[in-house]
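These notes concern the structure reproduced below.
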Amino acid sequence: MGTLRIDQLVKSFTAPNSVNEVVAVDNLDITVEEGEFLVLLGPSGCGKSTTLRCIAGLETLTSGSIRLDETDITGNSPQQRDMAMVFQDFALYPHMTAAENMSFGLKMTTDLSEKDRMDRVNEATSIMDIEGILDKKPAQVSGGQKQRIALGRAIVRDPEVFLMDEPLSNLDAKLRAQMRTEIQRLHRQLGVTTIYVTHDQTEAMTMSDRIAVLNNGELQQIGTPDYVYHHPTNQFVAGFLGEPSMNFLEVQLSETDDQYVLTADDATTTFAYPIDETIVQECDLAIGQRLTVGVRPEDISVTDDEGTNNHSQTAMLDVVEPMGSDNFLYLLVGQESWTARVDEDVELTEGEQVTYLFEESDLHLFADDGTTLKS
Ligand code: ATP
């Protein structure tokens, strides 16, 4: 129970006094499996919240359908859907205590007896560890406690699906990290199908079974965090996942002395990276073809063995940013500023030329239209 199927979902809005239509969600197909924790991830305005609101029944679909356990629920009201939603701003009733906030929805939407309602509230209270604040009103508790009450309220509904819209974004960094693990524990304990919206990739990477990356209302890729991180389907996904983000450089394929080389277009750049013939064949590359190189910051190392590895490159070290356990180096590679994440014991001076290296196996290549050729 709890399999959610979204078929060809389109949602467009027309702003008041305007003829222009905004397509917020564009032909989205996603199946969320029973008990799965799916994260909808993407930049601001990509259509995450609209998708969630369509699933919740808070928006009317322009076209497409939504099915829960094979039942078409597209036309159902929010109350008729077996789902509970948790919002970014907690959405608690200010004049009610925590206990009343949790039981109120049950009172309005079910015919459970008072005793059964209290049993459910007590169970949710114990799961969320909020016994001590049951008689407090929202204004009397902290942000983290408010979100615990809001999660408790979702739990008492005992729904088939939890819908969570950036539930942690109003909390400070430490509380966010704490609540992240709380929600993971909750999911393990209850096993309820969960769809979780965020633009925070740490939440997406750490909490989800699968991530669905959206951009401009379109699904870019869906897969396990590990797969999407290591095998992004296009340059957008590659650049969106990872902190610091992947480095990019526009290059061209050339051939000199029987060696294929990726060189930067720009006359000021010294980037020339030899690649094996197998890459040229597997990616079906042509001499002169324009491509984009991608390299993750953690895959770059700074070396002093200049010249011994034909993959090594040189660049000016612009800034060193100490991060505690490691350093972020900002390297000027052509017109781009590349970030390298290296051990903090590497001694370097800003303004000097450094030699850096990344392995061919860590090289990502993207075609002109952004499609991944090699990851
Ligand atoms: P954020 O992370 O900023 O909340 P999001 O990915 O959740 O962004 P949505 O809120 O779903 O994005 O918005 C998607 C697009 O639809 C945006 O261009 C937004 O301006 C537009 N949009 C959303 N709701 C409405 C509305 N009620 N009327 C008009 N346009 C809307």
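Letters A, B, ... go to the chains of the structure tokens in the order shown; residues in each chain start at 1; ligands are counted from 1 in the same order.
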DSSP strand (DSSP E) residues within range 76-127 of chain A, as a PyMOL selection string:
chain A and resi 83-86
What are the closest atom pairs, with distances in Å to one decimal, for each residue of range 34-85 of chain A lying within 12 Å of range 100-114 of chain A, using only C-alpha atoms, rows by chain and rising residue number, as a Markdown table?
```
| residue | atom | partner | partner_atom | distance |
| --- | --- | --- | --- | --- |
| A:Pro78 | CA | A:Thr109 | CA | 11.0 |
| A:Gln79 | CA | A:Thr109 | CA | 7.3 |
| A:Gln80 | CA | A:Thr109 | CA | 9.2 |
| A:Arg81 | CA | A:Thr109 | CA | 11.2 |
| A:Asp82 | CA | A:Thr109 | CA | 11.1 |
| A:Ala84 | CA | A:Gly105 | CA | 10.1 |
| A:Met85 | CA | A:Gly105 | CA | 11.7 |
```
Can you list, as a VMD selection string, every protein, DNA or RNA residue that comes within 9 Å of Leu168 in chain A when you count only C-alpha atoms, leaving out same-chain residues fewer than 5 positions away?
chain A and resid 87 to 88 144 147 175 to 177 179 to 180 198
Produce a file of the selected residues containing C-alpha atoms, as an mmCIF file, in the first residue's frame.
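Once everything was written out, this is out-v9.cif:
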```cif
data_model
loop_
_atom_site.group_PDB
_atom_site.id
_atom_site.type_symbol
_atom_site.label_atom_id
_atom_site.label_comp_id
_atom_site.auth_asym_id
_atom_site.auth_seq_id
_atom_site.Cartn_x
_atom_site.Cartn_y
_atom_site.Cartn_z
ATOM 1 C CA PHE A 87 4.899 22.406 5.574
ATOM 2 C CA GLN A 88 7.970 24.634 5.782
ATOM 3 C CA GLY A 144 12.440 22.430 16.162
ATOM 4 C CA GLN A 147 8.235 20.913 13.498
ATOM 5 C CA LEU A 175 18.630 21.745 14.274
ATOM 6 C CA ARG A 176 18.305 20.975 10.576
ATOM 7 C CA ALA A 177 20.939 18.278 10.874
ATOM 8 C CA MET A 179 15.759 16.830 12.397
ATOM 9 C CA ARG A 180 17.206 15.250 9.259
ATOM 10 C CA THR A 198 13.939 20.383 -0.982
#
```
Which residues come within 9 Å of Leu58 in chain A, counting only C-alpha atoms, excluding same-chain residues fewer than 5 positions away, as a list in words?
Thr50, Leu52, Arg53, Ser77 and Pro78 of chain A
Next, write the just-selected residues to a file, as a PDB file, in the first residue's frame, keeping C-alpha atoms as the atom set.
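Saved as part.pdb:
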```
ATOM      1  CA  THR A  50       3.666  22.686  -7.423  1.00  0.00           C
ATOM      2  CA  LEU A  52       3.729  18.239  -4.325  1.00  0.00           C
ATOM      3  CA  ARG A  53       0.633  20.456  -4.142  1.00  0.00           C
ATOM      4  CA  SER A  77     -10.236  16.669  -2.626  1.00  0.00           C
ATOM      5  CA  PRO A  78      -7.233  16.850  -0.239  1.00  0.00           C
TER       6      PRO A  78
END
```
Could you give me, as CSV, a per-residue list for chain A showing, wherever an atom lies at most 9 Å from an atom of ligand 1, the closest pair of atoms and their distance in Å to one decimal, using only C-alpha atoms and all ligand atoms and sorting by chain then residue number from low to high?
```
residue,atom,partner,partner_atom_place_in_ligand_line,distance
A:Lys11,CA,ligand 1,16 (O),8.4
A:Ser12,CA,ligand 1,16 (O),7.3
A:Phe13,CA,ligand 1,29 (C),4.8
A:Thr14,CA,ligand 1,29 (C),5.9
A:Ala15,CA,ligand 1,29 (C),5.1
A:Pro16,CA,ligand 1,29 (C),8.1
A:Glu21,CA,ligand 1,30 (N),8.3
A:Val22,CA,ligand 1,16 (O),6.1
A:Val23,CA,ligand 1,16 (O),6.6
A:Ala24,CA,ligand 1,16 (O),4.0
A:Val25,CA,ligand 1,14 (C),7.1
A:Leu40,CA,ligand 1,6 (O),8.8
A:Leu41,CA,ligand 1,6 (O),7.9
A:Gly42,CA,ligand 1,6 (O),6.2
A:Pro43,CA,ligand 1,6 (O),5.9
A:Ser44,CA,ligand 1,3 (O),3.6
A:Gly45,CA,ligand 1,12 (O),3.4
A:Cys46,CA,ligand 1,6 (O),3.8
A:Gly47,CA,ligand 1,11 (O),3.2
A:Lys48,CA,ligand 1,6 (O),4.0
A:Ser49,CA,ligand 1,7 (O),3.6
A:Thr50,CA,ligand 1,11 (O),3.7
A:Thr51,CA,ligand 1,11 (O),6.4
A:Leu52,CA,ligand 1,11 (O),8.1
A:Arg53,CA,ligand 1,11 (O),8.3
A:Glu59,CA,ligand 1,27 (N),8.7
A:Asp165,CA,ligand 1,7 (O),8.3
A:Glu166,CA,ligand 1,2 (O),8.2
A:Val197,CA,ligand 1,7 (O),7.6
A:Thr198,CA,ligand 1,2 (O),7.0
A:His199,CA,ligand 1,2 (O),6.1
A:Leu214,CA,ligand 1,6 (O),7.9
A:Asn215,CA,ligand 1,6 (O),8.1
A:Asn216,CA,ligand 1,14 (C),7.7
A:Gly217,CA,ligand 1,14 (C),6.9
```
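Non-sequential neighbours of Asp318 in chain A (distance at most 10 Å, separation of 5 or more positions within a chain, only C-alpha atoms) are Leu329, Tyr330, Leu331, Leu332, Ser337, Trp338, Thr349, Glu350, Gly351, Glu352 and Gln353 of chain A.
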Next, write the just-selected residues to a file, as a PDB file, in the first residue's frame, keeping C-alpha atoms as the atom set.
```pdb
ATOM      1  CA  LEU A 329      41.712  25.886  -3.675  1.00  0.00           C
ATOM      2  CA  TYR A 330      40.409  28.262  -6.325  1.00  0.00           C
ATOM      3  CA  LEU A 331      42.385  27.796  -9.537  1.00  0.00           C
ATOM      4  CA  LEU A 332      42.178  30.036 -12.586  1.00  0.00           C
ATOM      5  CA  SER A 337      37.484  29.499 -11.536  1.00  0.00           C
ATOM      6  CA  TRP A 338      37.884  25.848 -10.600  1.00  0.00           C
ATOM      7  CA  THR A 349      50.781  30.121  -1.629  1.00  0.00           C
ATOM      8  CA  GLU A 350      48.130  32.242  -3.270  1.00  0.00           C
ATOM      9  CA  GLY A 351      49.272  33.788  -6.558  1.00  0.00           C
ATOM     10  CA  GLU A 352      51.684  30.991  -7.511  1.00  0.00           C
ATOM     11  CA  GLN A 353      51.480  28.564 -10.413  1.00  0.00           C
TER      12      GLN A 353
END
```
CA of Thr303 in chain A to CA of Thr372 in chain A measures 28.4 Å
Give me the residues within 10 Å of Ile133 in chain A as JSON, numbers by chain, counting only C-alpha atoms and dropping any in the same chain fewer than 5 places off.
{"A": [97, 98, 99, 125, 138, 140, 141, 145, 146, 149]}
Could you save the residues just selected, with N, CA and C atoms, as a JSON list (two decimals), in the first residue's frame?
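After the write, selection33.json holds the following:
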```json
[["chain", "number", "residue", "atom", "x", "y", "z"],
["A", 97, "THR", "N", -3.14, 23.94, 21.76],
["A", 97, "THR", "CA", -1.94, 23.33, 22.34],
["A", 97, "THR", "C", -1.39, 22.30, 21.34],
["A", 98, "ALA", "N", -0.21, 21.78, 21.65],
["A", 98, "ALA", "CA", 0.39, 20.76, 20.78],
["A", 98, "ALA", "C", -0.56, 19.57, 20.64],
["A", 99, "ALA", "N", -1.12, 19.12, 21.76],
["A", 99, "ALA", "CA", -2.02, 17.96, 21.73],
["A", 99, "ALA", "C", -3.25, 18.26, 20.87],
["A", 125, "THR", "N", 3.12, 11.20, 20.00],
["A", 125, "THR", "CA", 3.88, 11.97, 20.99],
["A", 125, "THR", "C", 5.13, 11.21, 21.39],
["A", 138, "PRO", "N", 1.97, 26.86, 20.14],
["A", 138, "PRO", "CA", 3.12, 27.03, 19.24],
["A", 138, "PRO", "C", 4.06, 28.17, 19.64],
["A", 140, "GLN", "N", 4.93, 29.10, 22.40],
["A", 140, "GLN", "CA", 5.71, 28.81, 23.61],
["A", 140, "GLN", "C", 6.80, 27.77, 23.37],
["A", 141, "VAL", "N", 6.96, 27.31, 22.12],
["A", 141, "VAL", "CA", 7.98, 26.27, 21.87],
["A", 141, "VAL", "C", 8.94, 26.72, 20.77],
["A", 145, "GLN", "N", 10.80, 22.21, 17.95],
["A", 145, "GLN", "CA", 9.64, 21.57, 18.61],
["A", 145, "GLN", "C", 8.37, 21.77, 17.80],
["A", 146, "LYS", "N", 8.24, 22.95, 17.17],
["A", 146, "LYS", "CA", 7.06, 23.17, 16.30],
["A", 146, "LYS", "C", 7.03, 22.12, 15.19],
["A", 149, "ILE", "N", 5.90, 18.83, 16.42],
["A", 149, "ILE", "CA", 4.43, 18.78, 16.59],
["A", 149, "ILE", "C", 3.78, 18.57, 15.21]]
```
Which of these residues is nearest to Ala212 in chain A, using only C-alpha atoms: A:Ile300, A:Pro322, A:Cys283, A:Pro232?
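Closest to Ala212 in chain A, using only C-alpha atoms: A:Pro232.
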Backbone DSSP call of helix (DSSP H, G or I) for range 84-194 of chain A, listed as an NGL selection string:
:A and (98-109 or 114-128 or 131-133 or 138-140 or 143-156 or 173-190)
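Note that the spacing between CA of Leu190 in chain A and CA of His95 in chain A amounts to 29.4 Å.
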